[in-house]
>>> print(open('structure.tsv').read())   # TSV, C-alpha atoms
chain	number	residue	atom	x	y	z
A	9	MET	CA	0.00	0.00	0.00
A	10	THR	CA	1.40	3.39	-0.98
A	11	VAL	CA	1.16	6.00	1.75
A	12	GLN	CA	2.92	9.23	2.50
A	13	ARG	CA	5.50	9.31	5.25
A	14	ALA	CA	6.74	11.94	7.69
A	15	ILE	CA	9.75	13.96	6.56
A	16	THR	CA	11.55	12.99	9.81
A	17	SER	CA	13.71	10.31	8.17
A	18	VAL	CA	14.89	12.66	5.43
A	19	ARG	CA	15.73	15.31	8.02
A	20	MET	CA	17.79	12.81	10.00
A	21	GLN	CA	19.63	11.49	6.95
A	22	VAL	CA	20.41	14.97	5.65
A	23	ALA	CA	21.96	15.83	9.03
A	24	PHE	CA	23.90	12.54	8.89
A	25	ALA	CA	25.19	13.38	5.40
A	26	GLU	CA	26.07	16.95	6.41
A	27	GLU	CA	28.31	15.57	9.14
A	28	ARG	CA	30.18	13.76	6.38
A	29	GLY	CA	30.59	16.85	4.26
A	30	LEU	CA	27.62	16.52	1.89
A	31	PRO	CA	25.64	19.79	1.59
A	32	VAL	CA	21.89	19.87	2.09
A	33	ALA	CA	21.30	20.96	-1.50
A	34	ALA	CA	23.18	17.95	-2.82
A	35	CYS	CA	21.10	15.60	-0.66
A	36	LEU	CA	17.79	17.10	-1.77
A	37	GLN	CA	18.62	17.51	-5.46
A	38	GLY	CA	15.76	16.31	-7.67
A	39	SER	CA	13.62	15.18	-4.72
A	40	GLY	CA	11.11	18.02	-4.81
A	41	ILE	CA	11.90	18.69	-1.13
A	42	HIS	CA	12.77	22.30	-0.27
A	43	PRO	CA	15.19	22.83	2.63
A	44	ASP	CA	12.49	24.78	4.50
A	45	MET	CA	10.36	21.64	4.56
A	46	LEU	CA	12.91	19.89	6.78
A	47	GLY	CA	11.86	22.07	9.70
A	48	GLN	CA	8.13	21.45	9.31
A	49	ALA	CA	7.07	18.89	11.90
A	50	ASP	CA	3.84	17.92	10.13
A	51	CYS	CA	5.28	17.73	6.62
A	52	THR	CA	4.73	14.48	4.71
A	53	ILE	CA	6.40	13.25	1.53
A	54	ASP	CA	6.27	10.30	-0.83
A	55	ALA	CA	8.56	7.33	-0.24
A	56	GLU	CA	9.97	7.96	-3.71
A	57	GLN	CA	11.10	11.41	-2.58
A	58	GLU	CA	13.03	9.90	0.32
A	59	LEU	CA	14.45	7.32	-2.05
A	60	THR	CA	15.79	10.13	-4.25
A	61	VAL	CA	17.54	11.62	-1.21
A	62	VAL	CA	19.01	8.21	-0.39
A	63	ARG	CA	20.23	7.82	-3.98
A	64	ASN	CA	21.94	11.20	-3.77
A	65	MET	CA	23.63	10.23	-0.52
A	66	CYS	CA	24.78	6.84	-1.78
A	67	ARG	CA	26.08	8.34	-5.02
A	68	GLU	CA	28.27	10.78	-3.08
A	69	LEU	CA	29.10	8.81	0.07
A	70	GLY	CA	28.84	5.26	-1.26
A	71	ASN	CA	26.23	2.51	-1.10
A	72	GLU	CA	27.86	1.19	2.05
A	73	ALA	CA	26.30	-1.09	4.63
A	74	GLU	CA	28.52	0.46	7.29
A	75	LEU	CA	26.89	3.85	6.65
A	76	GLY	CA	23.47	2.23	6.90
A	77	LEU	CA	24.33	0.58	10.22
A	78	ALA	CA	25.42	3.91	11.68
A	79	MET	CA	22.35	5.71	10.34
A	80	GLY	CA	19.97	3.07	11.64
A	81	GLN	CA	21.13	3.65	15.21
A	82	ARG	CA	19.68	7.15	15.03
A	83	TYR	CA	16.09	5.93	14.61
A	84	HIS	CA	14.81	6.02	18.18
A	85	LEU	CA	11.23	5.09	19.06
A	86	SER	CA	10.44	8.77	19.49
A	87	SER	CA	11.38	9.30	15.82
A	88	TYR	CA	8.27	7.40	14.72
A	89	GLY	CA	5.69	9.40	16.66
A	90	VAL	CA	2.54	7.56	17.72
A	91	TRP	CA	3.74	4.29	16.12
A	92	GLY	CA	6.70	4.27	18.48
A	93	PHE	CA	4.55	5.00	21.53
A	94	ALA	CA	2.16	2.22	20.50
A	95	LEU	CA	5.04	-0.28	20.51
A	96	LEU	CA	6.48	1.04	23.77
A	97	SER	CA	3.17	0.65	25.62
A	98	SER	CA	2.36	-2.82	24.23
A	99	PRO	CA	1.96	-5.49	26.94
A	100	THR	CA	4.37	-8.01	25.39
A	101	PHE	CA	7.12	-8.13	22.80
A	102	ARG	CA	4.89	-10.26	20.56
A	103	GLN	CA	2.13	-7.69	20.60
A	104	ALA	CA	4.63	-4.93	19.89
A	105	VAL	CA	6.01	-6.85	16.91
A	106	GLU	CA	2.56	-7.67	15.54
A	107	LEU	CA	1.38	-4.08	15.92
A	108	GLY	CA	4.59	-2.75	14.42
A	109	LEU	CA	4.28	-4.95	11.35
A	110	ARG	CA	0.58	-4.20	10.98
A	111	TYR	CA	1.33	-0.49	10.73
A	112	LEU	CA	4.75	-0.74	9.10
A	113	ASP	CA	3.65	1.82	6.51
A	114	LEU	CA	3.83	4.47	9.24
A	115	THR	CA	7.59	3.96	9.52
A	116	PHE	CA	10.45	4.88	7.22
A	117	ALA	CA	11.31	1.30	6.24
A	118	PHE	CA	11.95	0.34	2.64
A	119	LEU	CA	12.27	-3.37	3.41
A	120	ASP	CA	9.35	-5.79	3.57
A	121	ILE	CA	9.56	-7.15	7.11
A	122	SER	CA	7.75	-10.23	8.39
A	123	LEU	CA	7.87	-12.63	11.34
A	124	GLN	CA	7.76	-16.42	11.15
A	125	GLU	CA	7.74	-19.06	13.86
A	126	GLN	CA	9.70	-22.26	13.30
A	127	GLY	CA	10.02	-24.79	16.08
A	128	ASP	CA	11.54	-23.02	19.07
A	129	ASP	CA	12.71	-20.09	16.95
A	130	ALA	CA	11.21	-16.78	15.88
A	131	ILE	CA	12.56	-15.54	12.56
A	132	LEU	CA	12.46	-11.91	11.52
A	133	ILE	CA	12.77	-11.76	7.74
A	134	LEU	CA	14.10	-8.62	6.06
A	135	ASP	CA	13.17	-8.75	2.40
A	136	ASP	CA	15.05	-6.23	0.24
A	137	SER	CA	13.92	-7.62	-3.13
A	138	ARG	CA	12.01	-4.44	-4.00
A	139	VAL	CA	14.83	-2.06	-3.07
A	140	PRO	CA	16.86	-0.62	-6.00
A	141	GLU	CA	20.31	-2.19	-6.18
A	142	GLU	CA	22.15	1.13	-6.14
A	143	VAL	CA	20.92	1.79	-2.59
A	144	ARG	CA	20.16	-1.74	-1.42
A	145	GLU	CA	23.17	-2.36	0.82
A	146	TYR	CA	22.75	0.96	2.60
A	147	LEU	CA	18.99	0.57	3.13
A	148	LEU	CA	19.22	-3.10	4.13
A	149	ALA	CA	21.74	-2.23	6.82
A	150	ARG	CA	19.89	0.96	7.82
A	151	ASP	CA	16.52	-0.74	8.31
A	152	ALA	CA	18.04	-3.78	10.06
A	153	SER	CA	19.99	-1.52	12.41
A	154	ALA	CA	16.85	0.54	13.10
A	155	VAL	CA	14.98	-2.66	14.04
A	156	MET	CA	17.67	-3.44	16.61
A	157	MET	CA	17.47	0.07	18.02
A	158	ILE	CA	13.69	-0.28	18.42
A	159	GLN	CA	14.10	-3.60	20.19
A	160	GLU	CA	16.75	-2.26	22.54
A	161	GLU	CA	14.56	0.68	23.55
A	162	LEU	CA	11.54	-1.58	24.11
A	163	PHE	CA	13.49	-3.70	26.61
A	164	ALA	CA	16.12	-1.15	27.71
A	165	GLY	CA	18.60	-3.78	26.54
A	166	ARG	CA	19.40	-6.02	23.59
A	167	ILE	CA	17.72	-9.40	23.28
A	168	PRO	CA	20.16	-12.13	22.26
A	169	LEU	CA	19.99	-13.25	18.64
A	170	SER	CA	20.84	-16.88	17.95
A	171	SER	CA	21.89	-16.18	14.34
A	172	LEU	CA	22.00	-13.43	11.75
A	173	GLU	CA	22.14	-14.00	7.99
A	174	VAL	CA	22.57	-11.11	5.57
A	175	ARG	CA	22.34	-10.74	1.80
A	176	LEU	CA	25.61	-8.84	1.64
A	177	PRO	CA	29.10	-9.74	0.44
A	178	PRO	CA	31.70	-10.44	3.16
A	179	ARG	CA	33.19	-7.41	4.90
A	180	SER	CA	34.48	-6.29	8.28
A	181	ILE	CA	32.39	-7.88	10.99
A	182	ALA	CA	33.10	-5.33	13.74
A	183	PRO	CA	30.32	-2.84	12.82
A	184	PHE	CA	27.78	-5.68	12.63
A	185	GLU	CA	28.85	-7.16	15.94
A	186	ALA	CA	28.53	-3.74	17.57
A	187	VAL	CA	24.89	-3.42	16.41
A	188	PHE	CA	23.62	-7.01	16.53
A	189	GLY	CA	25.80	-8.58	19.21
A	190	LEU	CA	27.00	-11.50	17.08
A	191	THR	CA	28.90	-12.31	13.91
A	192	PRO	CA	26.69	-12.37	10.81
A	193	VAL	CA	26.79	-14.96	8.06
A	194	PHE	CA	27.34	-13.15	4.76
A	195	ASP	CA	26.35	-14.05	1.21
A	196	ARG	CA	23.00	-15.58	2.19
A	197	PRO	CA	20.02	-15.66	-0.22
A	198	ARG	CA	17.94	-13.59	2.20
A	199	SER	CA	18.48	-11.58	5.34
A	200	GLN	CA	16.99	-12.88	8.58
A	201	ALA	CA	17.56	-12.87	12.33
A	202	ARG	CA	16.67	-15.77	14.63
A	203	PHE	CA	15.94	-15.58	18.34
A	204	ALA	CA	14.28	-17.78	20.95
A	205	LEU	CA	10.52	-17.99	20.40
A	206	GLY	CA	9.87	-17.58	24.12
A	207	LEU	CA	11.22	-14.03	24.02
A	208	LEU	CA	8.10	-12.97	22.13
A	209	ASP	CA	6.00	-13.48	25.26
A	210	MET	CA	8.20	-11.39	27.52
A	211	PRO	CA	6.35	-8.45	29.12
A	212	LEU	CA	7.59	-5.00	28.20
A	213	PRO	CA	8.74	-2.74	31.05
A	214	GLN	CA	6.59	0.24	30.00
A	215	ALA	CA	3.48	-1.79	29.15
A	216	ASN	CA	0.16	0.04	29.36
A	217	PRO	CA	-2.66	-1.79	27.53
A	218	VAL	CA	-5.01	1.23	27.62
A	219	THR	CA	-2.38	3.52	26.12
A	220	ALA	CA	-1.47	0.83	23.58
A	221	ARG	CA	-5.08	0.60	22.40
A	222	LEU	CA	-5.44	4.36	22.10
A	223	CYS	CA	-2.15	4.59	20.20
A	224	GLU	CA	-3.17	1.82	17.83
A	225	GLU	CA	-6.41	3.62	17.10
A	226	GLN	CA	-4.39	6.73	16.32
A	227	CYS	CA	-2.10	4.66	14.08
A	228	HIS	CA	-5.15	3.50	12.16
A	229	GLN	CA	-6.46	7.03	11.72
A	230	LEU	CA	-3.04	8.33	10.70
A	231	LEU	CA	-2.70	5.60	8.10
A	232	VAL	CA	-6.03	6.59	6.58
A	233	GLN	CA	-4.94	10.23	6.46
A	234	ARG	CA	-1.71	9.40	4.69
A	235	TYR	CA	-3.17	7.34	1.87
A	236	ARG	CA	-2.17	8.85	-1.41
A	237	LYS	CA	-4.79	9.53	-4.04
A	238	GLY	CA	-2.64	8.17	-6.85
A	239	SER	CA	-3.45	4.53	-7.41
A	240	VAL	CA	-6.94	3.17	-7.88
A	241	ALA	CA	-6.39	0.56	-5.15
A	242	VAL	CA	-5.49	3.26	-2.62
A	243	ARG	CA	-8.55	5.31	-3.58
A	244	VAL	CA	-10.78	2.26	-3.18
A	245	ARG	CA	-9.22	1.31	0.15
A	246	ARG	CA	-9.58	4.84	1.45
A	247	ARG	CA	-13.27	4.93	0.50
A	248	LEU	CA	-13.91	1.58	2.18
A	249	LEU	CA	-12.32	2.82	5.40
A	250	GLN	CA	-14.33	6.01	5.48
A	251	GLN	CA	-17.69	4.41	6.24
A	252	PRO	CA	-17.23	0.97	7.82
A	253	GLY	CA	-20.28	-1.24	7.41
A	254	ARG	CA	-21.58	0.69	4.42
A	255	PHE	CA	-19.39	-0.94	1.83
A	256	PRO	CA	-20.59	-0.39	-1.74
A	257	ASP	CA	-20.48	-3.23	-4.25
A	258	MET	CA	-18.00	-2.94	-7.10
A	259	GLU	CA	-20.52	-1.37	-9.47
A	260	ALA	CA	-21.37	1.36	-6.95
A	261	MET	CA	-17.68	1.93	-6.21
A	262	ALA	CA	-16.92	2.29	-9.91
A	263	GLU	CA	-19.73	4.81	-10.20
A	264	GLU	CA	-18.25	6.82	-7.33
A	265	LEU	CA	-14.92	6.82	-9.15
A	266	THR	CA	-16.69	7.82	-12.39
A	267	ILE	CA	-15.47	4.75	-14.26
A	268	THR	CA	-17.13	1.52	-15.35
A	269	SER	CA	-16.93	-1.60	-13.21
A	270	ARG	CA	-15.04	-3.29	-16.04
A	271	THR	CA	-12.43	-0.51	-16.01
A	272	LEU	CA	-12.18	-0.71	-12.23
A	273	ARG	CA	-11.63	-4.46	-12.37
A	274	ARG	CA	-8.95	-4.06	-15.04
A	275	GLN	CA	-7.12	-1.25	-13.21
A	276	LEU	CA	-7.11	-3.14	-9.92
A	277	ALA	CA	-5.80	-6.25	-11.69
A	278	ALA	CA	-2.99	-4.15	-13.18
A	279	GLU	CA	-2.07	-3.12	-9.62
A	280	GLY	CA	-2.02	-6.75	-8.50
A	281	THR	CA	-5.24	-6.82	-6.52
A	282	SER	CA	-9.02	-7.07	-6.78
A	283	TYR	CA	-12.06	-5.43	-5.23
A	284	ARG	CA	-12.75	-8.56	-3.16
A	285	ALA	CA	-9.17	-8.61	-1.87
A	286	LEU	CA	-9.32	-4.94	-0.87
A	287	LEU	CA	-12.66	-5.41	0.87
A	288	ASP	CA	-11.28	-8.40	2.77
A	289	GLU	CA	-8.19	-6.42	3.75
A	290	VAL	CA	-10.23	-3.54	5.13
A	291	ARG	CA	-12.69	-5.80	6.93
A	292	ARG	CA	-9.88	-7.76	8.54
A	293	MET	CA	-8.08	-4.58	9.65
A	294	LEU	CA	-11.25	-3.20	11.22
A	295	ALA	CA	-12.21	-6.53	12.79
A	296	GLU	CA	-8.81	-6.91	14.47
A	297	GLN	CA	-8.89	-3.31	15.67
A	298	TRP	CA	-12.37	-3.64	17.19
A	299	LEU	CA	-11.52	-6.99	18.78
A	300	LEU	CA	-8.42	-5.40	20.25
A	301	LEU	CA	-10.33	-2.43	21.66
A	302	GLY	CA	-12.84	-4.83	23.25
A	303	ILE	CA	-15.76	-2.39	23.27
A	304	LEU	CA	-18.01	-4.14	20.74
A	305	SER	CA	-19.64	-7.55	20.85
A	306	LEU	CA	-18.97	-10.04	18.08
A	307	ALA	CA	-22.50	-9.43	16.78
A	308	GLU	CA	-21.89	-5.69	16.66
A	309	ILE	CA	-18.57	-6.14	14.84
A	310	SER	CA	-20.23	-8.49	12.37
A	311	GLU	CA	-22.96	-5.95	11.69
A	312	ARG	CA	-20.51	-3.05	11.32
A	313	LEU	CA	-18.51	-5.04	8.80
A	314	GLY	CA	-21.61	-5.57	6.70
A	315	PHE	CA	-22.15	-9.29	7.29
A	316	SER	CA	-25.76	-10.45	7.18
A	317	GLU	CA	-25.13	-13.13	9.81
A	318	ILE	CA	-22.51	-13.61	12.52
A	319	ALA	CA	-21.79	-17.07	11.10
A	320	ASN	CA	-20.62	-15.43	7.89
A	321	PHE	CA	-18.32	-13.16	9.89
A	322	ASN	CA	-16.91	-16.16	11.77
A	323	HIS	CA	-16.26	-17.97	8.51
A	324	ALA	CA	-14.55	-14.94	6.94
A	325	PHE	CA	-12.39	-14.28	10.01
A	326	ARG	CA	-11.23	-17.91	10.02
A	327	ARG	CA	-10.31	-17.55	6.35
A	328	TRP	CA	-8.32	-14.39	7.09
A	329	THR	CA	-6.52	-15.47	10.26
A	330	GLY	CA	-6.92	-19.22	10.72
A	331	GLN	CA	-8.88	-18.81	13.95
A	332	SER	CA	-12.30	-17.67	15.12
A	333	PRO	CA	-12.89	-14.08	16.27
A	334	GLY	CA	-13.83	-15.41	19.69
A	335	ARG	CA	-10.51	-17.22	19.99
A	336	PHE	CA	-8.66	-14.16	18.75
A	337	ARG	CA	-10.32	-11.98	21.43
A	338	HIS	CA	-9.69	-14.62	24.13
A	339	GLN	CA	-5.98	-14.66	23.31
A	340	LEU	CA	-5.87	-10.87	23.53
A	341	ARG	CA	-7.47	-10.97	26.98
A	342	GLU	CA	-5.03	-13.64	28.17
A	343	GLN	CA	-2.10	-11.55	26.97
A	344	HIS	CA	-3.41	-8.48	28.75
>>> encode(input="structure.tsv", output="structure tokens")
Amino acid sequence: MTVQRAITSVRMQVAFAEERGLPVAACLQGSGIHPDMLGQADCTIDAEQELTVVRNMCRELGNEAELGLAMGQRYHLSSYGVWGFALLSSPTFRQAVELGLRYLDLTFAFLDISLQEQGDDAILILDDSRVPEEVREYLLARDASAVMMIQEELFAGRIPLSSLEVRLPPRSIAPFEAVFGLTPVFDRPRSQARFALGLLDMPLPQANPVTARLCEEQCHQLLVQRYRKGSVAVRVRRRLLQQPGRFPDMEAMAEELTITSRTLRRQLAAEGTSYRALLDEVRRMLAEQWLLLGILSLAEISERLGFSEIANFNHAFRRWTGQSPGRFRHQLREQH
């Protein structure tokens, strides 16, 4: 999903580059970002604009993983605004990770990040396949380093990794050991970090479930506000989120967009999705949010999501998550 992002990351990277002798103008060249914008706290930009800044930096300073590692250590939880506070107040590490990934579009990451469980291990996968090669090493290291900084601030200390594999050619290990606490394995087909699965259920020292719920609600609202109007899929998703429970069918949606349903279907297919997939995505997001908040009954959630019967909601939620909404809510209560 394509959303706008805060200018915070660009501001931080420009300062980082200035310390290394690269002028602000050289960093911002061709990005459409005016230097005055760097001081505007509420300014948002496109990810492509930040990518242009990163390209400028890497062209002048080098596409170096070591630079990315150093830059990533500057991304403190406070840098992310409400997203960071939501993580900090989460009851457990697992809930912080799940919330963080659910609202990853509110961060400055360029990697696709996911979590898998395998036996007694949790595996955090850092997928850089969509990152341009000329900036890939820098951004891979930057985002991986930023993840470690987030984790350290959540626990006020580093959790031990059991292994770290990176899709980078061999190089000096010292900068990696300083950030990750162990020697990485280079030249791997994908980048991933393993740690003990049990660590996911550790309570966080600043846990506050009420604050976490309020922050997540704000994350949801902020994500809606930042949707760009460019792609058809984003426009459809934004419309679906505006009036939960009053979802139009595809013909009515096409009419709202002043195109035919056939054109809408074709344009969504060209963007790799469908109206059904977008509707499912929005319904699942809202269902999980309302279940998390715990203020609506299952029947009320079902009705708000536009299901004619609660059984249909149960069936859909199982298809989305692999479990019933009741079980999902029960697990949330146990964790709290």
>>> residues_around(input="structure.tsv", residues="A:Asp50", least_positions_apart="4", cutoff="10 Å", atoms="all atoms listed in the file", output="list in words")
Ala14, Ile15, Thr16, Met45 and Leu46 of chain A
>>> atom_distance(input="structure.tsv", atom1="atom CA of A:Arg274", atom2="atom CA of A:Glu289")
19.0 Å
>>> closest_residue(input="structure.tsv", among="A:Ser269, A:Asn64, A:Ser98, A:Ser87", to="A:Ala33", atoms="only C-alpha atoms")
A:Asn64
>>> closest_residue(input="structure.tsv", among="A:Arg110, A:Arg270, A:Arg254, A:Arg175", to="A:Pro192", atoms="only C-alpha atoms")
A:Arg175
>>> atom_distance(input="structure.tsv", atom1="atom CA of A:Leu169", atom2="atom CA of A:Ala130")
9.9 Å
>>> atom_distance(input="structure.tsv", atom1="atom CA of A:Val240", atom2="atom CA of A:Leu299")
28.9 Å
>>> residues_around(input="structure.tsv", residues="stretch 195-207 of chain A", least_positions_apart="2", cutoff="7 Å", atoms="all atoms listed in the file", output="ChimeraX atom specification")
/A:128-135,168-178,193,209-210
>>> closest_residue(input="structure.tsv", among="A:Glu125, A:Glu74, A:Glu224, A:Asp151", to="A:Gly108", atoms="only C-alpha atoms")
A:Glu224
>>> residues_near_point(input="structure.tsv", point="(25.4, 14.9, 5.2)", cutoff="12 Å", atoms="all atoms listed in the file", output="list in words")
Val18, Arg19, Met20, Gln21, Val22, Ala23, Phe24, Ala25, Glu26, Glu27, Arg28, Gly29, Leu30, Pro31, Val32, Ala33, Ala34, Cys35, Leu36, Val61, Val62, Asn64, Met65, Cys66, Glu68, Leu69, Leu75 and Met79 of chain A
>>> closest_residue(input="structure.tsv", among="A:Pro99, A:Asp120, A:Gln226, A:Thr191", to="A:Phe163", atoms="only C-alpha atoms")
A:Pro99
>>> residues_around(input="structure.tsv", residues="A:Ser97", least_positions_apart="5", cutoff="7 Å", atoms="only C-alpha atoms", output="PyMOL selection string")
chain A and resi 214-217+219-220
>>> residues_near_point(input="structure.tsv", point="(23.2, 4.9, -5.5)", cutoff="6 Å", atoms="all atoms listed in the file", output="PDB file with C-alpha atoms, in the frame of the given file")
ATOM      1  CA  ARG A  63      20.230   7.820  -3.980  1.00  0.00           C
ATOM      2  CA  CYS A  66      24.780   6.840  -1.780  1.00  0.00           C
ATOM      3  CA  ARG A  67      26.080   8.340  -5.020  1.00  0.00           C
ATOM      4  CA  ASN A  71      26.230   2.510  -1.100  1.00  0.00           C
ATOM      5  CA  GLU A 142      22.150   1.130  -6.140  1.00  0.00           C
ATOM      6  CA  VAL A 143      20.920   1.790  -2.590  1.00  0.00           C
TER       7      VAL A 143
END
>>> closest_residue(input="structure.tsv", among="A:Gln57, A:Thr266, A:Gln12, A:Thr100", to="A:Thr115", atoms="all atoms listed in the file")
A:Gln12
>>> residues_around(input="structure.tsv", residues="A:Ala186", least_positions_apart="4", cutoff="12 Å", atoms="only C-alpha atoms", output="mmCIF file with C-alpha atoms, keeping the file's coordinate frame")
data_model
loop_
_atom_site.group_PDB
_atom_site.id
_atom_site.type_symbol
_atom_site.label_atom_id
_atom_site.label_comp_id
_atom_site.auth_asym_id
_atom_site.auth_seq_id
_atom_site.Cartn_x
_atom_site.Cartn_y
_atom_site.Cartn_z
ATOM 1 C CA GLU A 74 28.520 0.460 7.290
ATOM 2 C CA LEU A 77 24.330 0.580 10.220
ATOM 3 C CA ALA A 78 25.420 3.910 11.680
ATOM 4 C CA GLN A 81 21.130 3.650 15.210
ATOM 5 C CA SER A 153 19.990 -1.520 12.410
ATOM 6 C CA MET A 156 17.670 -3.440 16.610
ATOM 7 C CA MET A 157 17.470 0.070 18.020
ATOM 8 C CA ARG A 166 19.400 -6.020 23.590
ATOM 9 C CA SER A 180 34.480 -6.290 8.280
ATOM 10 C CA ILE A 181 32.390 -7.880 10.990
ATOM 11 C CA ALA A 182 33.100 -5.330 13.740
ATOM 12 C CA LEU A 190 27.000 -11.500 17.080
ATOM 13 C CA THR A 191 28.900 -12.310 13.910
ATOM 14 C CA PRO A 192 26.690 -12.370 10.810
#
>>> residues_around(input="structure.tsv", residues="stretch 337-339 of chain A", least_positions_apart="4", cutoff="12 Å", atoms="only C-alpha atoms", output="list in words")
Gln103, Ala295, Glu296, Gln297, Trp298, Leu299, Leu300, Leu301, Gly302, Ile303, Leu304, Ser305, Leu306, Phe325, Gln331, Ser332, Pro333, Gln343 and His344 of chain A
>>> write_last_selection(input="structure.tsv", atoms="C-alpha atoms", output="compact mmCIF listing (two decimals), in the frame of the given file")
# COMPACT_ATOMS: atom_id res chain seq x y z
CA GLN A 103 2.13 -7.69 20.60
CA ALA A 295 -12.21 -6.53 12.79
CA GLU A 296 -8.81 -6.91 14.47
CA GLN A 297 -8.89 -3.31 15.67
CA TRP A 298 -12.37 -3.64 17.19
CA LEU A 299 -11.52 -6.99 18.78
CA LEU A 300 -8.42 -5.40 20.25
CA LEU A 301 -10.33 -2.43 21.66
CA GLY A 302 -12.84 -4.83 23.25
CA ILE A 303 -15.76 -2.39 23.27
CA LEU A 304 -18.01 -4.14 20.74
CA SER A 305 -19.64 -7.55 20.85
CA LEU A 306 -18.97 -10.04 18.08
CA PHE A 325 -12.39 -14.28 10.01
CA GLN A 331 -8.88 -18.81 13.95
CA SER A 332 -12.30 -17.67 15.12
CA PRO A 333 -12.89 -14.08 16.27
CA GLN A 343 -2.10 -11.55 26.97
CA HIS A 344 -3.41 -8.48 28.75
>>> closest_residue(input="structure.tsv", among="A:Met258, A:Ile167, A:Ile158, A:Ile318", to="A:Ala104", atoms="only C-alpha atoms")
A:Ile158
